[in-house]
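Okay, structure first, notes after.
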Amino acid sequence: MIGGSLLLKSQVPKLSKANRKKPEELRSHRWYGVKDMRSFAHRSRTAQMGYTRSDYAGKPVIAIINTWSDINPCHSHFRQRAEEVKRGIWQAGGFPVEMPAMSLSEPFQKPTTMLYRNLLAMETEELLRSYPADACVLMGGCDKTTPALLMGAISMNIPAIFLPAGPMLRGDYRGQFLGSGSDVWKYWDELRAGNITEADWGEIEDGIARSAGHCMTMGTASTMTSTVEALGLCLSGYASIPAPDSRHAQMATLTGRRIVEMAWEDLKPSDILTAGSFDNAVMTTLALSGSTNAAVHLIALAKRAGFGLTLERFDELARKIPVLANIRPSGKYLMEDFFYAGGLRALLKQLTGFLSLAEQTVDGKTIGELIADAKVFNDDVIRSADKALVKSDGLAILKGNLAPDGAVIKPPAAEAHLLKHTGKAVVFKNYDDLSARIDSADLEIDANSVIVLQNAGPQGAPGMPEWGQLPIPKKLLEQGVRDMVRISDARMSGTSYGACVLHVTPEAYIGGPLAFVQDGDLIELDVPARKLNVLISDAEMAKRKAAWVAPAPKFERGFGKIYLQHIQQANNGCDFDFLETQVHASNAENSQKRSKGSEPEIH
């Protein structure tokens, strides 16, 4: 038995008639079941597409939000998976309606998919609000797609289940396994240092991405799909299955079957998400040594659900949660190995002593019940707490006069000697400045320097791109340097590694302290003490702030203008200020509040 073994015994829970919705109570009944002219139009136009009343009458309408596109390789299998989801919906007596949504393709979209995460969240919410959806399947996986789909579905608050794209197969280069992102940075440095040839680089290019699916390292994609499973919003065991594996297709059909039952149960995100389930998601991220991006996305998701998750909570949990997943970039293996070793269920089993096990899930069982029989089949890939990769601090939250509202670092991905370091700043005003000067022979820099990039945050870039793994200067690479302290208000790919301090908040572009750092300033990084400071006086800081001139806005029209007017900082999840749910005292109250106004007015 391997990581997907649960698939063979997944059962769709049987509903008692007492708990089952009546057909006239379905949301879609107002489109299809009412005897008036508009319902006539809805039925006649459905007939136009080749369906008869028997296909949909009295059945839940299930929206399948599909983020497939020709320019998203992570989701290239979603055309087929959508058909497999439909098969399950038909089997369970539902009526499937596939709805394409904006595809956020991490490898291609500029300046960053993060600029458009909230746009997809809004699209998802409005698709579900404006059409006759009783429940939905959310098809995603590529980095920002996962939080975007969930943000929209949580705000709409109809029954929802997530279908993760799954990781791609391991890359291959001359008998060595390659990991997307992590090995790109590694071999790019070796190419720049002259240690491999262009021909070698070409072989790596051809062998690093061999199938459909998202990054097979513990990047943002695998981190976020794993946290969705920990939140209880996808079928147990699904997040770990590689995209090309036939069990992934089988689980797609089971997802289709399950969402029909959830529609009859009226099992909504607000019935599943609690403060405890978000703690479970944070602890899962930490045990995986997951992407630093998870801090931004989970805070945004929690706020949509009405819970006040903070960076401080991440740090509180990080101090006690061991890193158990030996996966790149912090470890040795890849997601395919993780699946064969038992997958996320096995890792959660190892975390039993920390998790809130009574949290409900879309499976209709508690998280504790779902992982009760999970087993580890390779204890080098999925460690026990007494043999943890590191004992704690899968992520760490830093504060100080350089980051009053916080910054984040992934300690296991950095060279240990850099976690407590003081060095002179070498400052780049923006990404173009960095690109122009980083490899200059005249750049005054050494291995002890601290590289600082300004104006790469939510407004400054714009969109807070993954520029945070700042390149090491070529002349230092040639000397054998492979890690340095690097600081920015940008994000970093979850597949990246190094002593990179990220998400410095407030960002430079809006007058955060990072904007006032100058060449030669001493910067103190102390991860054990959680400190990040520029060693200048308060008076000098105030003097520099007084001389600072705010830059002009990056956008004058369209979505970009809306974005700049409403985007929040990284410590608040980078959501739009008008989309958050007010934090309430109880989950039940949240559900009641969000239900009001969630229905379209039908005339």
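By convention here, the chains of the structure tokens are called A, B, ... in the order presented, each chain's residues are numbered starting at 1, and ligands are numbered starting at 1 in the order presented.
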Give me the residues near Ile208 in chain A as a PyMOL selection string, where near means some atom within 10 Å (using only C-alpha atoms) and where sequence neighbours in that chain fewer than 3 positions away do not count.
chain A and resi 168-173+177-181+183-184+203-205+211
Keeping N, CA, C and O atoms for every residue in the selection just given, could you write it to a file as a compact mmCIF listing (two decimals), in the first residue's frame?
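Once written, selection_1.txt looks like this:
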# COMPACT_ATOMS: atom_id res chain seq x y z
N MET A 168 4.00 17.28 -10.69
CA MET A 168 4.53 16.59 -11.87
C MET A 168 5.52 15.51 -11.44
O MET A 168 5.90 15.41 -10.27
N LEU A 169 5.96 14.69 -12.39
CA LEU A 169 6.95 13.66 -12.13
C LEU A 169 8.31 14.30 -11.87
O LEU A 169 8.58 15.43 -12.24
N ARG A 170 9.19 13.53 -11.24
CA ARG A 170 10.55 13.99 -10.99
C ARG A 170 11.27 14.30 -12.30
O ARG A 170 11.11 13.60 -13.29
N GLY A 171 12.06 15.37 -12.28
CA GLY A 171 12.89 15.67 -13.43
C GLY A 171 14.08 14.72 -13.51
O GLY A 171 14.39 14.00 -12.56
N ASP A 172 14.74 14.73 -14.66
CA ASP A 172 15.86 13.80 -14.87
C ASP A 172 17.00 14.50 -15.61
O ASP A 172 16.78 15.20 -16.61
N TYR A 173 18.21 14.32 -15.11
CA TYR A 173 19.41 14.84 -15.77
C TYR A 173 20.58 13.89 -15.50
O TYR A 173 21.09 13.81 -14.38
N PHE A 177 17.88 13.03 -10.15
CA PHE A 177 16.55 13.61 -10.08
C PHE A 177 16.66 15.13 -10.01
O PHE A 177 17.51 15.66 -9.29
N LEU A 178 15.81 15.81 -10.77
CA LEU A 178 15.77 17.27 -10.77
C LEU A 178 14.47 17.75 -10.15
O LEU A 178 13.41 17.16 -10.37
N GLY A 179 14.56 18.83 -9.41
CA GLY A 179 13.38 19.46 -8.82
C GLY A 179 13.15 20.83 -9.43
O GLY A 179 14.07 21.64 -9.52
N SER A 180 11.90 21.08 -9.85
CA SER A 180 11.59 22.36 -10.50
C SER A 180 11.91 23.51 -9.56
O SER A 180 11.67 23.44 -8.36
N GLY A 181 12.43 24.56 -10.14
CA GLY A 181 12.78 25.73 -9.35
C GLY A 181 14.10 25.55 -8.63
O GLY A 181 15.12 26.16 -8.98
N ASP A 183 16.44 23.26 -8.59
CA ASP A 183 17.60 22.92 -9.42
C ASP A 183 17.82 23.92 -10.54
O ASP A 183 18.92 24.00 -11.08
N VAL A 184 16.79 24.69 -10.88
CA VAL A 184 17.00 25.78 -11.84
C VAL A 184 17.96 26.79 -11.23
O VAL A 184 18.96 27.18 -11.86
N GLU A 203 20.41 20.34 -21.59
CA GLU A 203 19.92 19.03 -21.16
C GLU A 203 19.00 19.17 -19.94
O GLU A 203 17.98 18.50 -19.83
N ILE A 204 19.39 20.05 -19.03
CA ILE A 204 18.57 20.28 -17.84
C ILE A 204 17.23 20.88 -18.25
O ILE A 204 16.17 20.47 -17.74
N GLU A 205 17.27 21.81 -19.18
CA GLU A 205 16.04 22.44 -19.67
C GLU A 205 15.07 21.42 -20.24
O GLU A 205 13.86 21.49 -20.03
N SER A 211 6.08 16.15 -17.17
CA SER A 211 4.67 15.74 -17.22
C SER A 211 3.80 16.91 -16.82
O SER A 211 4.29 17.95 -16.38
Which residues of range 60-177 of chain A come within 12 Å of range 555-566 of chain A, and what is each one's closest atom pair and distance in Å (one decimal), counting only C-alpha atoms, sorted by chain and residue number, as a Markdown table?
| residue | atom | partner | partner_atom | distance |
| --- | --- | --- | --- | --- |
| A:Pro111 | CA | A:Gly560 | CA | 11.8 |
| A:Met114 | CA | A:Tyr563 | CA | 11.0 |
| A:Leu115 | CA | A:Tyr563 | CA | 7.9 |
| A:Tyr116 | CA | A:Tyr563 | CA | 8.9 |
| A:Arg117 | CA | A:Tyr563 | CA | 10.6 |
| A:Asn118 | CA | A:Tyr563 | CA | 8.7 |
| A:Leu119 | CA | A:Phe559 | CA | 8.3 |
| A:Leu120 | CA | A:Phe559 | CA | 11.8 |
| A:Met122 | CA | A:Phe559 | CA | 11.8 |
Just-selected residues, N, CA, C and O atoms written as a compact mmCIF listing (two decimals), in the first residue's frame:
# COMPACT_ATOMS: atom_id res chain seq x y z
N PRO A 111 3.70 40.92 -14.50
CA PRO A 111 4.94 40.77 -13.75
C PRO A 111 4.89 39.64 -12.75
O PRO A 111 5.93 39.14 -12.32
N MET A 114 0.71 36.97 -8.71
CA MET A 114 0.20 37.53 -7.47
C MET A 114 -0.58 38.83 -7.71
O MET A 114 -1.50 39.15 -6.95
N LEU A 115 -0.24 39.54 -8.77
CA LEU A 115 -0.98 40.74 -9.13
C LEU A 115 -2.44 40.41 -9.43
O LEU A 115 -3.33 41.24 -9.25
N TYR A 116 -2.70 39.19 -9.88
CA TYR A 116 -4.03 38.80 -10.35
C TYR A 116 -4.72 37.77 -9.44
O TYR A 116 -5.83 37.33 -9.76
N ARG A 117 -4.09 37.42 -8.33
CA ARG A 117 -4.74 36.46 -7.42
C ARG A 117 -6.12 36.94 -7.00
O ARG A 117 -7.11 36.19 -7.04
N ASN A 118 -6.22 38.20 -6.60
CA ASN A 118 -7.51 38.72 -6.11
C ASN A 118 -8.53 38.86 -7.24
O ASN A 118 -9.73 38.81 -7.00
N LEU A 119 -8.05 39.04 -8.46
CA LEU A 119 -8.96 39.11 -9.60
C LEU A 119 -9.62 37.76 -9.83
O LEU A 119 -10.84 37.66 -10.06
N LEU A 120 -8.84 36.67 -9.76
CA LEU A 120 -9.42 35.34 -9.89
C LEU A 120 -10.34 35.04 -8.71
O LEU A 120 -11.40 34.41 -8.88
N MET A 122 -12.17 37.19 -7.12
CA MET A 122 -13.42 37.91 -7.41
C MET A 122 -14.20 37.21 -8.50
O MET A 122 -15.43 37.07 -8.42
Where in range 134-296 of chain A does DSSP assign helix (DSSP H, G or I), given as a PyMOL selection string?
chain A and resi 145-156+182-192+198-207+220-231+246-265+269-272+275-287+293-296
Please produce a file of the residues just selected, as a PDB file, in the first residue's frame, where the atoms kept are C-alpha atoms.
ATOM      1  CA  THR A 145      -4.708  29.631  -8.277  1.00  0.00           C
ATOM      2  CA  THR A 146      -5.312  27.608  -5.126  1.00  0.00           C
ATOM      3  CA  PRO A 147      -5.755  30.507  -2.674  1.00  0.00           C
ATOM      4  CA  ALA A 148      -7.644  32.552  -5.263  1.00  0.00           C
ATOM      5  CA  LEU A 149     -10.256  29.850  -5.872  1.00  0.00           C
ATOM      6  CA  LEU A 150     -10.686  29.230  -2.164  1.00  0.00           C
ATOM      7  CA  MET A 151     -10.921  32.932  -1.310  1.00  0.00           C
ATOM      8  CA  GLY A 152     -13.796  33.299  -3.761  1.00  0.00           C
ATOM      9  CA  ALA A 153     -15.555  30.118  -2.638  1.00  0.00           C
ATOM     10  CA  ILE A 154     -15.197  30.957   1.063  1.00  0.00           C
ATOM     11  CA  SER A 155     -16.736  34.375   0.484  1.00  0.00           C
ATOM     12  CA  MET A 156     -19.615  32.934  -1.552  1.00  0.00           C
ATOM     13  CA  SER A 182      15.320  24.496  -6.818  1.00  0.00           C
ATOM     14  CA  ASP A 183      17.597  22.920  -9.419  1.00  0.00           C
ATOM     15  CA  VAL A 184      16.997  25.784 -11.836  1.00  0.00           C
ATOM     16  CA  TRP A 185      18.560  28.207  -9.348  1.00  0.00           C
ATOM     17  CA  LYS A 186      21.306  25.726  -8.474  1.00  0.00           C
ATOM     18  CA  TYR A 187      22.433  25.034 -12.034  1.00  0.00           C
ATOM     19  CA  TRP A 188      21.930  28.645 -13.154  1.00  0.00           C
ATOM     20  CA  ASP A 189      24.517  29.630 -10.565  1.00  0.00           C
ATOM     21  CA  GLU A 190      26.824  26.861 -11.787  1.00  0.00           C
ATOM     22  CA  LEU A 191      26.418  28.078 -15.370  1.00  0.00           C
ATOM     23  CA  ARG A 192      27.188  31.668 -14.373  1.00  0.00           C
ATOM     24  CA  GLU A 198      25.473  25.699 -22.282  1.00  0.00           C
ATOM     25  CA  ALA A 199      24.997  22.147 -23.583  1.00  0.00           C
ATOM     26  CA  ASP A 200      24.620  20.889 -20.008  1.00  0.00           C
ATOM     27  CA  TRP A 201      22.132  23.674 -19.326  1.00  0.00           C
ATOM     28  CA  GLY A 202      20.160  22.625 -22.413  1.00  0.00           C
ATOM     29  CA  GLU A 203      19.918  19.031 -21.155  1.00  0.00           C
ATOM     30  CA  ILE A 204      18.571  20.277 -17.839  1.00  0.00           C
ATOM     31  CA  GLU A 205      16.037  22.440 -19.670  1.00  0.00           C
ATOM     32  CA  ASP A 206      14.747  19.428 -21.593  1.00  0.00           C
ATOM     33  CA  GLY A 207      14.537  17.091 -18.594  1.00  0.00           C
ATOM     34  CA  THR A 220       4.097  27.233  -3.138  1.00  0.00           C
ATOM     35  CA  ALA A 221       1.940  24.861  -5.200  1.00  0.00           C
ATOM     36  CA  SER A 222       2.587  21.736  -3.108  1.00  0.00           C
ATOM     37  CA  THR A 223       2.507  23.788   0.081  1.00  0.00           C
ATOM     38  CA  MET A 224      -0.883  25.314  -0.664  1.00  0.00           C
ATOM     39  CA  THR A 225      -2.551  22.134  -1.935  1.00  0.00           C
ATOM     40  CA  SER A 226      -1.280  20.383   1.216  1.00  0.00           C
ATOM     41  CA  THR A 227      -2.688  23.119   3.432  1.00  0.00           C
ATOM     42  CA  VAL A 228      -6.052  22.809   1.656  1.00  0.00           C
ATOM     43  CA  GLU A 229      -6.139  19.136   2.605  1.00  0.00           C
ATOM     44  CA  ALA A 230      -5.155  20.051   6.178  1.00  0.00           C
ATOM     45  CA  LEU A 231      -7.991  22.608   6.214  1.00  0.00           C
ATOM     46  CA  SER A 246      -4.202   6.970 -12.544  1.00  0.00           C
ATOM     47  CA  ARG A 247      -5.255   7.342  -8.928  1.00  0.00           C
ATOM     48  CA  HIS A 248      -5.400  11.078  -9.519  1.00  0.00           C
ATOM     49  CA  ALA A 249      -8.040  10.495 -12.202  1.00  0.00           C
ATOM     50  CA  GLN A 250      -9.949   8.134  -9.920  1.00  0.00           C
ATOM     51  CA  MET A 251      -9.978  10.719  -7.141  1.00  0.00           C
ATOM     52  CA  ALA A 252     -11.341  13.293  -9.583  1.00  0.00           C
ATOM     53  CA  THR A 253     -14.392  11.097 -10.102  1.00  0.00           C
ATOM     54  CA  LEU A 254     -14.743  10.566  -6.351  1.00  0.00           C
ATOM     55  CA  THR A 255     -14.573  14.343  -5.912  1.00  0.00           C
ATOM     56  CA  GLY A 256     -17.465  14.697  -8.353  1.00  0.00           C
ATOM     57  CA  ARG A 257     -19.487  12.128  -6.454  1.00  0.00           C
ATOM     58  CA  ARG A 258     -18.766  13.689  -3.075  1.00  0.00           C
ATOM     59  CA  ILE A 259     -19.712  17.257  -4.039  1.00  0.00           C
ATOM     60  CA  VAL A 260     -23.218  16.120  -4.992  1.00  0.00           C
ATOM     61  CA  GLU A 261     -23.708  14.723  -1.502  1.00  0.00           C
ATOM     62  CA  MET A 262     -22.278  17.924  -0.025  1.00  0.00           C
ATOM     63  CA  ALA A 263     -24.872  19.893  -1.991  1.00  0.00           C
ATOM     64  CA  TRP A 264     -27.680  17.825  -0.437  1.00  0.00           C
ATOM     65  CA  GLU A 265     -26.043  18.178   3.000  1.00  0.00           C
ATOM     66  CA  PRO A 269     -16.825  26.187   3.978  1.00  0.00           C
ATOM     67  CA  SER A 270     -18.202  27.987   7.035  1.00  0.00           C
ATOM     68  CA  ASP A 271     -19.221  24.587   8.468  1.00  0.00           C
ATOM     69  CA  ILE A 272     -15.658  23.297   8.120  1.00  0.00           C
ATOM     70  CA  ALA A 275      -9.530  28.701  14.093  1.00  0.00           C
ATOM     71  CA  GLY A 276      -8.386  25.128  14.779  1.00  0.00           C
ATOM     72  CA  SER A 277      -8.411  24.123  11.119  1.00  0.00           C
ATOM     73  CA  PHE A 278      -6.309  27.175  10.239  1.00  0.00           C
ATOM     74  CA  ASP A 279      -3.849  26.237  12.981  1.00  0.00           C
ATOM     75  CA  ASN A 280      -3.712  22.773  11.405  1.00  0.00           C
ATOM     76  CA  ALA A 281      -2.896  24.362   8.044  1.00  0.00           C
ATOM     77  CA  VAL A 282      -0.140  26.503   9.559  1.00  0.00           C
ATOM     78  CA  MET A 283       1.366  23.519  11.372  1.00  0.00           C
ATOM     79  CA  THR A 284       1.266  21.502   8.158  1.00  0.00           C
ATOM     80  CA  THR A 285       3.136  24.271   6.363  1.00  0.00           C
ATOM     81  CA  LEU A 286       5.765  24.308   9.103  1.00  0.00           C
ATOM     82  CA  ALA A 287       6.204  20.523   9.202  1.00  0.00           C
ATOM     83  CA  ASN A 293       4.203  32.459   0.437  1.00  0.00           C
ATOM     84  CA  ALA A 294       1.873  30.383   2.614  1.00  0.00           C
ATOM     85  CA  ALA A 295       2.006  33.091   5.265  1.00  0.00           C
ATOM     86  CA  VAL A 296       0.436  35.595   2.873  1.00  0.00           C
TER      87      VAL A 296
END
Residue among A:Gly400, A:Pro551, A:Gly50, A:Gly394 lying closest to Ile510 in chain A, counting only C-alpha atoms
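Closest to Ile510 in chain A, using only C-alpha atoms: A:Pro551.
Checking A:Arg482, A:Lys424, A:Lys21, A:Arg38 one by one against Leu522 in chain A, counting only C-alpha atoms, you find the shortest gap at A:Lys424.
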Give me, as a compact mmCIF listing (two decimals) with C-alpha atoms, in the first residue's frame, all polymer residues having an atom no more than 10 Å from Thr422 in chain A, counting only C-alpha atoms and skipping those fewer than 5 positions away in the same chain.
# COMPACT_ATOMS: atom_id res chain seq x y z
CA ASN A 448 29.70 39.27 4.23
CA SER A 449 27.65 41.99 2.55
CA VAL A 450 23.86 42.13 2.79
CA VAL A 485 21.94 37.39 3.40
CA LEU A 522 25.10 47.82 8.92
CA ILE A 523 22.18 45.38 8.91
CA GLU A 524 21.65 42.92 11.74
CA LEU A 525 19.88 39.61 11.12
CA ASP A 526 19.32 37.39 14.16
CA LEU A 532 15.94 42.45 11.70
CA ASN A 533 17.45 45.91 12.17
CA VAL A 534 19.39 48.54 10.31
CA LEU A 535 21.94 49.87 12.78
Who sits within 12 Å of Met541 in chain A, only C-alpha atoms, same chain under 3 positions skipped, as a PyMOL selection string
chain A and resi 401-402+511-518+521+533-538+544-548
I need the chosen residues saved as a compact mmCIF listing (two decimals), in the first residue's frame, with C-alpha atoms.
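Final output, out-v6.txt:
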# COMPACT_ATOMS: atom_id res chain seq x y z
CA ASN A 401 13.27 48.82 12.90
CA LEU A 402 13.65 47.50 9.35
CA GLY A 511 7.59 54.72 2.82
CA GLY A 512 8.47 51.69 4.91
CA PRO A 513 11.90 51.75 6.61
CA LEU A 514 13.39 49.57 3.85
CA ALA A 515 13.17 52.65 1.61
CA PHE A 516 15.67 54.50 3.79
CA VAL A 517 18.49 51.93 3.81
CA GLN A 518 21.68 53.19 2.17
CA ASP A 521 24.56 50.72 6.53
CA ASN A 533 17.45 45.91 12.17
CA VAL A 534 19.39 48.54 10.31
CA LEU A 535 21.94 49.87 12.78
CA ILE A 536 21.27 53.59 12.55
CA SER A 537 19.83 55.93 15.16
CA ASP A 538 16.17 56.81 15.41
CA ARG A 544 15.89 60.03 5.97
CA LYS A 545 12.13 59.55 6.17
CA ALA A 546 11.57 63.32 6.07
CA ALA A 547 13.65 63.55 2.88
CA TRP A 548 11.81 60.68 1.15
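Across the structure, CA of Ser384 in chain A and CA of Gly368 in chain A are spaced 17.7 Å apart.
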As an MDAnalysis selection string, which residues of range 428-481 of chain A does DSSP assign to strand (DSSP E)?
chainID A and resid 428 450:453
Could you give me, as a list in words, the residues within 12 Å of Lys475 in chain A, counting only C-alpha atoms and dropping anything in the same chain fewer than 3 positions from it?
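Neighbouring residues, sequence-local ones excluded: Asp189, Arg192, Ala193, Gly194, Arg437, Ile438, Asp439, Ser440, Ala441, Asp442, Leu443, Glu444, Ile445, Asp446, Ala447, Pro471, Ile472, Glu478, Gln479, Gly480, Val481 and Arg482 of chain A.
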From the list A:Leu127, A:Ile382, A:Met99, A:Met216, the nearest residue to Gly494 in chain A using only C-alpha atoms is A:Met216
Option closest in space to Leu128 in chain A, from A:Leu298, A:Gly33, A:Arg27, A:Ser44 [counting only C-alpha atoms]
A:Arg27
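The two atoms in question, CA of Gly141 in chain A and CA of Ala302 in chain A, are spaced 18.8 Å apart.
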Between A:Phe95, A:Phe40, A:Tyr497, A:Phe108, which is the closest to Ala414 in chain A once you count only C-alpha atoms?
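Nearest candidate to Ala414 in chain A out of A:Phe95, A:Phe40, A:Tyr497, A:Phe108: A:Tyr497.
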Can you work out the spacing between CA of Ala305 in chain A and CA of Ile65 in chain A in Å, to one decimal?
19.9 Å
